file upload_35.json (JSON, C-alpha atoms)
[["chain", "number", "residue", "atom", "x", "y", "z"],
["A", 1, "MET", "CA", -155.46, -64.32, 77.99],
["A", 2, "PHE", "CA", -152.54, -64.54, 75.54],
["A", 3, "THR", "CA", -150.78, -67.21, 73.47],
["A", 4, "GLY", "CA", -147.11, -66.33, 73.95],
["A", 5, "ILE", "CA", -146.67, -65.67, 70.21],
["A", 6, "ILE", "CA", -145.07, -62.22, 70.04],
["A", 7, "GLU", "CA", -146.72, -59.93, 67.50],
["A", 8, "GLU", "CA", -144.31, -57.04, 67.58],
["A", 9, "LEU", "CA", -140.97, -55.90, 68.95],
["A", 10, "GLY", "CA", -141.87, -52.58, 70.53],
["A", 11, "GLU", "CA", -139.92, -49.86, 72.30],
["A", 12, "VAL", "CA", -140.24, -47.88, 75.51],
["A", 13, "VAL", "CA", -140.83, -44.21, 74.72],
["A", 14, "SER", "CA", -140.93, -42.78, 78.22],
["A", 15, "ILE", "CA", -141.43, -43.70, 81.86],
["A", 16, "GLU", "CA", -143.13, -41.38, 84.32],
["A", 17, "GLU", "CA", -142.73, -42.25, 87.99],
["A", 18, "ILE", "CA", -145.90, -41.60, 90.00],
["A", 19, "GLY", "CA", -145.17, -42.31, 93.64],
["A", 20, "GLU", "CA", -144.32, -46.00, 93.89],
["A", 21, "SER", "CA", -145.98, -46.77, 90.56],
["A", 22, "SER", "CA", -145.12, -45.75, 87.00],
["A", 23, "ARG", "CA", -146.83, -44.81, 83.77],
["A", 24, "ILE", "CA", -145.00, -46.30, 80.84],
["A", 25, "ARG", "CA", -145.45, -45.20, 77.23],
["A", 26, "LEU", "CA", -144.61, -47.66, 74.49],
["A", 27, "ARG", "CA", -144.37, -47.62, 70.72],
["A", 28, "GLY", "CA", -146.02, -50.50, 68.89],
["A", 29, "PRO", "CA", -147.85, -49.55, 65.68],
["A", 30, "LEU", "CA", -149.16, -53.06, 65.06],
["A", 31, "VAL", "CA", -150.70, -53.67, 68.50],
["A", 32, "CYS", "CA", -151.99, -50.08, 68.54],
["A", 33, "GLY", "CA", -153.73, -50.52, 65.21],
["A", 34, "ASP", "CA", -157.00, -51.64, 66.78],
["A", 35, "ALA", "CA", -156.32, -50.88, 70.45],
["A", 36, "GLY", "CA", -159.02, -49.31, 72.56],
["A", 37, "HIS", "CA", -159.17, -47.78, 76.02],
["A", 38, "GLY", "CA", -159.06, -50.60, 78.58],
["A", 39, "ASP", "CA", -157.66, -53.22, 76.23],
["A", 40, "SER", "CA", -155.03, -55.65, 77.46],
["A", 41, "ILE", "CA", -151.56, -55.82, 75.92],
["A", 42, "ALA", "CA", -148.78, -58.06, 77.21],
["A", 43, "VAL", "CA", -145.46, -56.23, 77.63],
["A", 44, "ASN", "CA", -142.58, -58.67, 78.16],
["A", 45, "GLY", "CA", -145.18, -61.12, 79.41],
["A", 46, "VAL", "CA", -146.92, -58.74, 81.81],
["A", 47, "CYS", "CA", -150.59, -58.03, 81.12],
["A", 48, "LEU", "CA", -151.05, -54.24, 81.10],
["A", 49, "THR", "CA", -154.12, -52.09, 80.44],
["A", 50, "VAL", "CA", -154.22, -49.36, 77.80],
["A", 51, "VAL", "CA", -155.10, -46.09, 79.57],
["A", 52, "ASP", "CA", -155.15, -43.71, 76.58],
["A", 53, "SER", "CA", -158.44, -42.07, 75.67],
["A", 54, "PRO", "CA", -160.15, -42.98, 72.37],
["A", 55, "GLU", "CA", -159.11, -39.57, 71.05],
["A", 56, "GLN", "CA", -155.46, -40.16, 71.89],
["A", 57, "LEU", "CA", -155.49, -43.58, 70.26],
["A", 58, "ALA", "CA", -157.23, -42.18, 67.18],
["A", 59, "ALA", "CA", -154.31, -39.77, 66.66],
["A", 60, "GLY", "CA", -152.43, -42.66, 65.04],
["A", 61, "THR", "CA", -149.09, -42.18, 66.81],
["A", 62, "GLY", "CA", -148.58, -45.93, 67.13],
["A", 63, "GLU", "CA", -148.03, -45.42, 70.86],
["A", 64, "PHE", "CA", -149.96, -46.36, 73.99],
["A", 65, "SER", "CA", -149.61, -45.81, 77.74],
["A", 66, "ALA", "CA", -150.12, -48.18, 80.64],
["A", 67, "ASP", "CA", -149.96, -47.82, 84.40],
["A", 68, "VAL", "CA", -147.65, -50.21, 86.25],
["A", 69, "MET", "CA", -148.39, -50.65, 89.95],
["A", 70, "ALA", "CA", -145.69, -51.02, 92.60],
["A", 71, "GLU", "CA", -146.56, -54.72, 93.04],
["A", 72, "THR", "CA", -145.98, -55.34, 89.34],
["A", 73, "LEU", "CA", -142.69, -53.45, 89.38],
["A", 74, "HIS", "CA", -141.59, -55.55, 92.36],
["A", 75, "ARG", "CA", -142.60, -58.92, 90.93],
["A", 76, "SER", "CA", -141.47, -58.42, 87.33],
["A", 77, "SER", "CA", -138.53, -57.03, 85.38],
["A", 78, "LEU", "CA", -140.50, -54.02, 84.11],
["A", 79, "GLY", "CA", -138.79, -51.86, 86.73],
["A", 80, "ALA", "CA", -135.50, -52.37, 84.85],
["A", 81, "LEU", "CA", -136.85, -50.84, 81.63],
["A", 82, "ALA", "CA", -135.69, -47.44, 80.39],
["A", 83, "PRO", "CA", -136.52, -45.24, 77.40],
["A", 84, "GLY", "CA", -135.25, -47.02, 74.30],
["A", 85, "SER", "CA", -135.60, -50.53, 75.78],
["A", 86, "LYS", "CA", -137.03, -53.10, 73.38],
["A", 87, "VAL", "CA", -140.07, -55.04, 74.58],
["A", 88, "ASN", "CA", -142.13, -58.00, 73.41],
["A", 89, "LEU", "CA", -145.73, -57.03, 72.64],
["A", 90, "GLU", "CA", -148.83, -59.19, 72.18],
["A", 91, "ARG", "CA", -152.50, -58.28, 72.11],
["A", 92, "ALA", "CA", -155.00, -60.39, 74.04],
["A", 93, "MET", "CA", -156.12, -63.42, 72.04],
["A", 94, "SER", "CA", -159.56, -63.51, 70.47],
["A", 95, "LEU", "CA", -162.00, -66.41, 70.72],
["A", 96, "GLY", "CA", -161.78, -68.63, 67.68],
["A", 97, "ALA", "CA", -158.17, -67.69, 66.88],
["A", 98, "ARG", "CA", -155.46, -70.31, 66.53],
["A", 99, "LEU", "CA", -153.59, -71.07, 69.75],
["A", 100, "GLY", "CA", -150.07, -71.09, 68.34],
["A", 101, "GLY", "CA", -148.31, -71.16, 71.70],
["A", 102, "HIS", "CA", -150.05, -72.11, 74.95],
["A", 103, "LEU", "CA", -152.48, -70.47, 77.38],
["A", 104, "VAL", "CA", -150.69, -67.48, 78.89],
["A", 105, "GLN", "CA", -152.30, -65.23, 81.51],
["A", 106, "GLY", "CA", -149.80, -62.40, 81.59],
["A", 107, "HIS", "CA", -149.34, -62.92, 85.34],
["A", 108, "VAL", "CA", -145.65, -63.23, 86.19],
["A", 109, "ASP", "CA", -144.83, -66.00, 88.67],
["A", 110, "ALA", "CA", -141.19, -65.07, 89.21],
["A", 111, "THR", "CA", -138.18, -63.50, 87.59],
["A", 112, "GLY", "CA", -135.07, -65.34, 86.45],
["A", 113, "THR", "CA", -131.79, -64.39, 84.83],
["A", 114, "LEU", "CA", -130.06, -65.52, 81.67],
["A", 115, "LEU", "CA", -127.22, -67.80, 82.74],
["A", 116, "SER", "CA", -125.70, -68.78, 79.39],
["A", 117, "ARG", "CA", -126.07, -68.83, 75.62],
["A", 118, "GLU", "CA", -124.82, -71.80, 73.60],
["A", 119, "PRO", "CA", -124.83, -71.54, 69.79],
["A", 120, "GLY", "CA", -126.17, -74.55, 67.90],
["A", 121, "ASP", "CA", -125.40, -75.80, 64.39],
["A", 122, "LEU", "CA", -124.90, -73.61, 61.32],
["A", 123, "ASP", "CA", -126.74, -74.08, 58.05],
["A", 124, "ALA", "CA", -125.09, -74.38, 54.62],
["A", 125, "ASP", "CA", -124.80, -70.59, 54.39],
["A", 126, "GLY", "CA", -123.12, -70.29, 57.75],
["A", 127, "ASN", "CA", -126.19, -68.94, 59.55],
["A", 128, "LEU", "CA", -127.09, -70.03, 63.07],
["A", 129, "ARG", "CA", -129.88, -72.63, 63.05],
["A", 130, "TRP", "CA", -130.69, -72.38, 66.75],
["A", 131, "GLU", "CA", -129.29, -71.31, 70.10],
["A", 132, "VAL", "CA", -129.69, -72.88, 73.53],
["A", 133, "LEU", "CA", -130.36, -70.48, 76.40],
["A", 134, "ARG", "CA", -130.23, -71.40, 80.08],
["A", 135, "PHE", "CA", -132.18, -69.40, 82.65],
["A", 136, "SER", "CA", -132.16, -69.50, 86.43],
["A", 137, "LEU", "CA", -135.27, -70.98, 88.02],
["A", 138, "PRO", "CA", -136.52, -69.96, 91.48],
["A", 139, "ARG", "CA", -137.15, -73.03, 93.65],
["A", 140, "GLY", "CA", -140.74, -71.98, 94.27],
["A", 141, "ILE", "CA", -141.79, -72.81, 90.71],
["A", 142, "THR", "CA", -139.46, -75.73, 89.96],
["A", 143, "ARG", "CA", -142.27, -78.25, 90.45],
["A", 144, "TYR", "CA", -144.30, -76.76, 87.59],
["A", 145, "LEU", "CA", -141.68, -77.41, 84.90],
["A", 146, "VAL", "CA", -141.27, -80.65, 82.98],
["A", 147, "GLU", "CA", -139.20, -81.48, 79.94],
["A", 148, "LYS", "CA", -141.14, -80.78, 76.72],
["A", 149, "GLY", "CA", -143.60, -78.72, 78.76],
["A", 150, "SER", "CA", -144.35, -75.03, 78.24],
["A", 151, "ILE", "CA", -143.05, -71.91, 79.95],
["A", 152, "THR", "CA", -143.34, -68.22, 79.12],
["A", 153, "VAL", "CA", -140.13, -66.18, 79.13],
["A", 154, "ASP", "CA", -140.65, -62.42, 78.73],
["A", 155, "GLY", "CA", -143.98, -63.19, 77.09],
["A", 156, "VAL", "CA", -142.58, -65.78, 74.66],
["A", 157, "SER", "CA", -144.14, -69.25, 74.69],
["A", 158, "LEU", "CA", -141.26, -71.74, 74.76],
["A", 159, "THR", "CA", -140.74, -75.48, 75.15],
["A", 160, "VAL", "CA", -138.59, -76.63, 78.05],
["A", 161, "VAL", "CA", -135.64, -78.72, 76.87],
["A", 162, "GLU", "CA", -134.07, -79.48, 80.24],
["A", 163, "ALA", "CA", -135.74, -78.90, 83.61],
["A", 164, "ALA", "CA", -133.19, -78.86, 86.45],
["A", 165, "LEU", "CA", -133.80, -77.94, 90.09],
["A", 166, "ASP", "CA", -132.54, -74.38, 89.76],
["A", 167, "SER", "CA", -132.44, -73.73, 86.01],
["A", 168, "PHE", "CA", -133.92, -74.73, 82.68],
["A", 169, "THR", "CA", -132.95, -74.55, 79.01],
["A", 170, "VAL", "CA", -134.82, -73.68, 75.83],
["A", 171, "SER", "CA", -133.79, -73.87, 72.18],
["A", 172, "LEU", "CA", -134.54, -70.81, 70.06],
["A", 173, "ILE", "CA", -134.91, -70.85, 66.29],
["A", 174, "PRO", "CA", -133.68, -67.89, 64.19],
["A", 175, "ALA", "CA", -137.20, -66.41, 63.93],
["A", 176, "THR", "CA", -137.54, -66.21, 67.71],
["A", 177, "LEU", "CA", -134.06, -64.75, 68.06],
["A", 178, "ALA", "CA", -134.80, -62.09, 65.44],
["A", 179, "LEU", "CA", -138.37, -61.18, 66.37],
["A", 180, "THR", "CA", -138.15, -61.05, 70.19],
["A", 181, "THR", "CA", -135.91, -59.52, 72.85],
["A", 182, "LEU", "CA", -134.46, -62.97, 73.58],
["A", 183, "GLY", "CA", -132.15, -62.60, 70.61],
["A", 184, "THR", "CA", -130.24, -59.75, 72.27],
["A", 185, "LYS", "CA", -130.46, -60.74, 75.94],
["A", 186, "LYS", "CA", -127.09, -60.76, 77.69],
["A", 187, "VAL", "CA", -125.93, -63.10, 80.44],
["A", 188, "GLY", "CA", -127.19, -61.66, 83.72],
["A", 189, "ASP", "CA", -130.21, -59.91, 82.21],
["A", 190, "PRO", "CA", -133.51, -60.46, 84.06],
["A", 191, "VAL", "CA", -136.55, -62.12, 82.47],
["A", 192, "ASN", "CA", -140.17, -62.61, 83.47],
["A", 193, "LEU", "CA", -141.30, -66.19, 83.97],
["A", 194, "GLU", "CA", -144.83, -67.56, 83.88],
["A", 195, "VAL", "CA", -145.42, -71.28, 84.29],
["A", 196, "ASP", "CA", -148.21, -73.20, 82.60],
["A", 197, "VAL", "CA", -151.39, -72.42, 84.57],
["A", 198, "LEU", "CA", -152.69, -75.94, 83.88],
["A", 199, "ALA", "CA", -149.94, -77.32, 86.13],
["A", 200, "LYS", "CA", -151.20, -75.10, 88.97],
["A", 201, "TYR", "CA", -154.76, -76.33, 88.59],
["A", 202, "VAL", "CA", -153.64, -79.96, 88.61],
["A", 203, "GLU", "CA", -151.62, -79.35, 91.76],
["A", 204, "ARG", "CA", -154.60, -77.72, 93.47],
["A", 205, "LEU", "CA", -156.95, -80.53, 92.48],
["A", 206, "LEU", "CA", -154.55, -83.10, 93.91],
["A", 207, "ASP", "CA", -154.13, -81.07, 97.10],
["A", 208, "THR", "CA", -157.87, -80.98, 97.74],
["A", 209, "ARG", "CA", -157.85, -84.76, 98.04],
["A", 210, "THR", "CA", -155.86, -84.51, 101.28],
["A", 211, "LEU", "CA", -157.00, -81.13, 102.63],
["A", 212, "PRO", "CA", -159.45, -81.37, 105.54],
["A", 213, "ALA", "CA", -162.94, -80.09, 104.80],
["A", 214, "THR", "CA", -163.94, -76.83, 106.45],
["A", 215, "PRO", "CA", -166.74, -77.44, 108.98],
["A", 216, "VAL", "CA", -170.03, -75.83, 107.98],
["A", 217, "GLU", "CA", -171.98, -74.27, 110.82],
["A", 218, "ASP", "CA", -175.61, -75.19, 111.17],
["A", 219, "ALA", "CA", -177.62, -72.08, 110.35],
["A", 220, "SER", "CA", -180.87, -73.49, 111.75]]

call {"tool": "encode", "arguments": {"input": "upload_35.json", "output": "structure tokens"}}
result
Amino acid sequence: MFTGIIEELGEVVSIEEIGESSRIRLRGPLVCGDAGHGDSIAVNGVCLTVVDSPEQLAAGTGEFSADVMAETLHRSSLGALAPGSKVNLERAMSLGARLGGHLVQGHVDATGTLLSREPGDLDADGNLRWEVLRFSLPRGITRYLVEKGSITVDGVSLTVVEAALDSFTVSLIPATLALTTLGTKKVGDPVNLEVDVLAKYVERLLDTRTLPATPVEDAS
């Protein structure tokens, strides 16, 4: 489980194709600082598992490797990465830590694309105070978005400003623009989307009120 608060802007070192899957190596000294074999690290919002041995991690290179299955490559934008690509990195949250964003699983629901960027106001020094980004929204997850609700975009926990049928907008402050990949995304670039899992649970609970009960056979 993650919070959607990006800890580090990392970089893809190499990608090794292994059949239909890939092994991706990434540089992230901060998230590698206490990483162990089998730990979870979110890469652009996708929960991946560290596969390096303890000895490799102890070498202190600030790099880690993760295997990306064909299903993940198909359902996320990780397949579009290349050596040198910047990525958002976050370690799994620890119990008792502050939940600065919202509950994020690292399970991508769909991919969208950046449709537009609209600069906001400037401060007294002429610096941008915020920027409004609009992303496409697949119809299959439209029902999970509400204005002022939460959504994860490439691993970043964001608040929905406008929720339309086929798109949504978010407002990004300078810190988010500077410390995540969203600051350099271009129109047409793909992004990973994960909706608030609480909305899914509510939907399921409401559905069970109308679903017919499955008959239970008498075992006697």

call {"tool": "closest_atom_pairs", "arguments": {"input": "upload_35.json", "of": "region 48-123 of chain A", "to": "region 13-35 of chain A", "cutoff": "12 Å", "atoms": "all atoms listed in the file", "output": "Markdown table"}}
result
| residue | atom | partner | partner_atom | distance |
| --- | --- | --- | --- | --- |
| A:Leu48 | CA | A:Ile24 | CA | 10.0 |
| A:Thr49 | CA | A:Ala35 | CA | 10.3 |
| A:Val50 | CA | A:Ala35 | CA | 7.8 |
| A:Val51 | CA | A:Arg23 | CA | 9.4 |
| A:Asp52 | CA | A:Ala35 | CA | 9.5 |
| A:Ser53 | CA | A:Ala35 | CA | 10.5 |
| A:Pro54 | CA | A:Ala35 | CA | 9.0 |
| A:Glu55 | CA | A:Ala35 | CA | 11.7 |
| A:Gln56 | CA | A:Ala35 | CA | 10.9 |
| A:Leu57 | CA | A:Ala35 | CA | 7.3 |
| A:Ala58 | CA | A:Gly33 | CA | 9.3 |
| A:Ala59 | CA | A:Cys32 | CA | 10.7 |
| A:Gly60 | CA | A:Gly33 | CA | 8.0 |
| A:Thr61 | CA | A:Pro29 | CA | 7.6 |
| A:Gly62 | CA | A:Pro29 | CA | 4.0 |
| A:Glu63 | CA | A:Arg27 | CA | 4.3 |
| A:Phe64 | CA | A:Leu26 | CA | 5.5 |
| A:Ser65 | CA | A:Arg25 | CA | 4.2 |
| A:Ala66 | CA | A:Ile24 | CA | 5.5 |
| A:Asp67 | CA | A:Arg23 | CA | 4.4 |
| A:Val68 | CA | A:Ser22 | CA | 5.2 |
| A:Met69 | CA | A:Ser21 | CA | 4.6 |
| A:Ala70 | CA | A:Ser21 | CA | 4.7 |
| A:Glu71 | CA | A:Ser21 | CA | 8.3 |
| A:Thr72 | CA | A:Ser21 | CA | 8.7 |
| A:Leu73 | CA | A:Ser21 | CA | 7.5 |
| A:His74 | CA | A:Ser21 | CA | 10.0 |
| A:Leu78 | CA | A:Ile24 | CA | 9.5 |
| A:Gly79 | CA | A:Ser22 | CA | 8.8 |
| A:Ala80 | CA | A:Ile15 | CA | 10.9 |
| A:Leu81 | CA | A:Ile15 | CA | 8.5 |
| A:Ala82 | CA | A:Ile15 | CA | 7.0 |
| A:Pro83 | CA | A:Ser14 | CA | 5.1 |
| A:Gly84 | CA | A:Val13 | CA | 6.3 |
| A:Ser85 | CA | A:Val13 | CA | 8.3 |
| A:Lys86 | CA | A:Leu26 | CA | 9.4 |
| A:Val87 | CA | A:Leu26 | CA | 8.7 |
| A:Asn88 | CA | A:Gly28 | CA | 9.6 |
| A:Leu89 | CA | A:Val31 | CA | 7.3 |
| A:Glu90 | CA | A:Val31 | CA | 6.9 |
| A:Arg91 | CA | A:Val31 | CA | 6.1 |
| A:Ala92 | CA | A:Val31 | CA | 9.7 |
| A:Met93 | CA | A:Val31 | CA | 11.7 |

call {"tool": "atom_distance", "arguments": {"input": "upload_35.json", "atom1": "CA of Val160 (chain A)", "atom2": "CA of Val46 (chain A)"}}
result
20.1 Å

call {"tool": "atom_distance", "arguments": {"input": "upload_35.json", "atom1": "CA of Asp196 (chain A)", "atom2": "CA of Trp130 (chain A)"}}
result
23.6 Å

call {"tool": "atom_distance", "arguments": {"input": "upload_35.json", "atom1": "CA of Ala124 (chain A)", "atom2": "CA of Gly183 (chain A)"}}
result
21.1 Å

call {"tool": "closest_residue", "arguments": {"input": "upload_35.json", "among": "A:Ala163, A:Ile141, A:Thr176, A:Leu193", "to": "Arg75 (chain A)", "atoms": "only C-alpha atoms"}}
result
A:Leu193

call {"tool": "residues_around", "arguments": {"input": "upload_35.json", "residues": "region 114-121 of chain A", "least_positions_apart": "4", "cutoff": "9 Å", "atoms": "only C-alpha atoms", "output": "list in words"}}
result
Gly126, Asn127, Leu128, Arg129, Trp130, Glu131, Val132, Leu133, Arg134, Phe135, Ser136, Ser167, Ser171, Lys185, Lys186, Val187, Gly188, Asp189, Pro190 and Val191 of chain A

call {"tool": "residues_around", "arguments": {"input": "upload_35.json", "residues": "region 143-146 of chain A", "least_positions_apart": "4", "cutoff": "9 Å", "atoms": "only C-alpha atoms", "output": "VMD selection string"}}
result
chain A and resid 139 150 to 151 160 to 165 168 195 to 197 199 to 200 203

call {"tool": "residues_around", "arguments": {"input": "upload_35.json", "residues": "Gly100 (chain A)", "least_positions_apart": "6", "cutoff": "9 Å", "atoms": "all atoms listed in the file", "output": "list in words"}}
result
Thr3, Gly4, Ile5 and Ser157 of chain A

call {"tool": "write_last_selection", "arguments": {"input": "upload_35.json", "atoms": "C-alpha atoms", "output": "JSON list (two decimals), keeping the file's coordinate frame"}}
result
[["chain", "number", "residue", "atom", "x", "y", "z"],
["A", 3, "THR", "CA", -150.78, -67.21, 73.47],
["A", 4, "GLY", "CA", -147.11, -66.33, 73.95],
["A", 5, "ILE", "CA", -146.67, -65.67, 70.21],
["A", 157, "SER", "CA", -144.14, -69.25, 74.69]]

call {"tool": "decode", "arguments": {"input": "upload_35.json", "residues": "region 152-162 of chain A", "atoms": "all heavy atoms", "output": "mmCIF file, in the first residue's frame"}}
result
data_model
loop_
_atom_site.group_PDB
_atom_site.id
_atom_site.type_symbol
_atom_site.label_atom_id
_atom_site.label_comp_id
_atom_site.auth_asym_id
_atom_site.auth_seq_id
_atom_site.Cartn_x
_atom_site.Cartn_y
_atom_site.Cartn_z
ATOM 1 N N THR A 152 -5.120 8.747 -8.566
ATOM 2 C CA THR A 152 -3.674 8.633 -8.677
ATOM 3 C C THR A 152 -3.274 8.695 -10.139
ATOM 4 O O THR A 152 -3.769 7.922 -10.959
ATOM 5 C CB THR A 152 -3.185 7.302 -8.073
ATOM 6 O OG1 THR A 152 -3.727 7.156 -6.765
ATOM 7 C CG2 THR A 152 -1.668 7.263 -8.003
ATOM 8 N N VAL A 153 -2.391 9.620 -10.478
ATOM 9 C CA VAL A 153 -1.904 9.785 -11.848
ATOM 10 C C VAL A 153 -0.400 9.549 -11.837
ATOM 11 O O VAL A 153 0.352 10.318 -11.225
ATOM 12 C CB VAL A 153 -2.215 11.194 -12.397
ATOM 13 C CG1 VAL A 153 -1.692 11.331 -13.828
ATOM 14 C CG2 VAL A 153 -3.714 11.464 -12.363
ATOM 15 N N ASP A 154 0.040 8.476 -12.484
ATOM 16 C CA ASP A 154 1.459 8.093 -12.475
ATOM 17 C C ASP A 154 2.019 8.036 -11.059
ATOM 18 O O ASP A 154 3.149 8.461 -10.786
ATOM 19 C CB ASP A 154 2.293 9.052 -13.337
ATOM 20 C CG ASP A 154 2.412 8.560 -14.777
ATOM 21 O OD1 ASP A 154 1.869 7.489 -15.095
ATOM 22 O OD2 ASP A 154 3.059 9.244 -15.584
ATOM 23 N N GLY A 155 1.197 7.535 -10.142
ATOM 24 C CA GLY A 155 1.636 7.369 -8.764
ATOM 25 C C GLY A 155 1.469 8.575 -7.877
ATOM 26 O O GLY A 155 1.768 8.516 -6.686
ATOM 27 N N VAL A 156 0.975 9.692 -8.426
ATOM 28 C CA VAL A 156 0.820 10.933 -7.670
ATOM 29 C C VAL A 156 -0.620 11.072 -7.185
ATOM 30 O O VAL A 156 -1.556 11.037 -7.993
ATOM 31 C CB VAL A 156 1.195 12.163 -8.519
ATOM 32 C CG1 VAL A 156 1.138 13.432 -7.672
ATOM 33 C CG2 VAL A 156 2.565 11.990 -9.148
ATOM 34 N N SER A 157 -0.809 11.208 -5.889
ATOM 35 C CA SER A 157 -2.137 11.420 -5.328
ATOM 36 C C SER A 157 -2.600 12.840 -5.629
ATOM 37 O O SER A 157 -1.955 13.814 -5.220
ATOM 38 C CB SER A 157 -2.107 11.201 -3.807
ATOM 39 O OG SER A 157 -3.358 11.550 -3.228
ATOM 40 N N LEU A 158 -3.718 12.957 -6.348
ATOM 41 C CA LEU A 158 -4.216 14.268 -6.758
ATOM 42 C C LEU A 158 -5.705 14.406 -6.455
ATOM 43 O O LEU A 158 -6.423 13.416 -6.333
ATOM 44 C CB LEU A 158 -3.989 14.468 -8.266
ATOM 45 C CG LEU A 158 -2.527 14.443 -8.737
ATOM 46 C CD1 LEU A 158 -2.467 14.459 -10.249
ATOM 47 C CD2 LEU A 158 -1.760 15.622 -8.152
ATOM 48 N N THR A 159 -6.145 15.654 -6.350
ATOM 49 C CA THR A 159 -7.554 15.953 -6.125
ATOM 50 C C THR A 159 -8.212 16.319 -7.442
ATOM 51 O O THR A 159 -7.707 17.173 -8.190
ATOM 52 C CB THR A 159 -7.709 17.123 -5.129
ATOM 53 O OG1 THR A 159 -7.122 16.748 -3.882
ATOM 54 C CG2 THR A 159 -9.175 17.452 -4.909
ATOM 55 N N VAL A 160 -9.326 15.683 -7.736
ATOM 56 C CA VAL A 160 -10.060 15.951 -8.971
ATOM 57 C C VAL A 160 -10.733 17.320 -8.882
ATOM 58 O O VAL A 160 -11.451 17.614 -7.931
ATOM 59 C CB VAL A 160 -11.129 14.867 -9.216
ATOM 60 C CG1 VAL A 160 -11.953 15.192 -10.460
ATOM 61 C CG2 VAL A 160 -10.474 13.494 -9.341
ATOM 62 N N VAL A 161 -10.475 18.161 -9.869
ATOM 63 C CA VAL A 161 -11.115 19.475 -9.922
ATOM 64 C C VAL A 161 -12.428 19.372 -10.689
ATOM 65 O O VAL A 161 -13.478 19.798 -10.221
ATOM 66 C CB VAL A 161 -10.184 20.512 -10.590
ATOM 67 C CG1 VAL A 161 -10.912 21.851 -10.749
ATOM 68 C CG2 VAL A 161 -8.916 20.696 -9.766
ATOM 69 N N GLU A 162 -12.377 18.819 -11.876
ATOM 70 C CA GLU A 162 -13.565 18.636 -12.703
ATOM 71 C C GLU A 162 -13.620 17.190 -13.171
ATOM 72 O O GLU A 162 -12.630 16.661 -13.682
ATOM 73 C CB GLU A 162 -13.549 19.555 -13.929
ATOM 74 C CG GLU A 162 -14.722 19.344 -14.875
ATOM 75 C CD GLU A 162 -14.522 20.047 -16.213
ATOM 76 O OE1 GLU A 162 -13.535 20.798 -16.348
ATOM 77 O OE2 GLU A 162 -15.341 19.803 -17.117
#
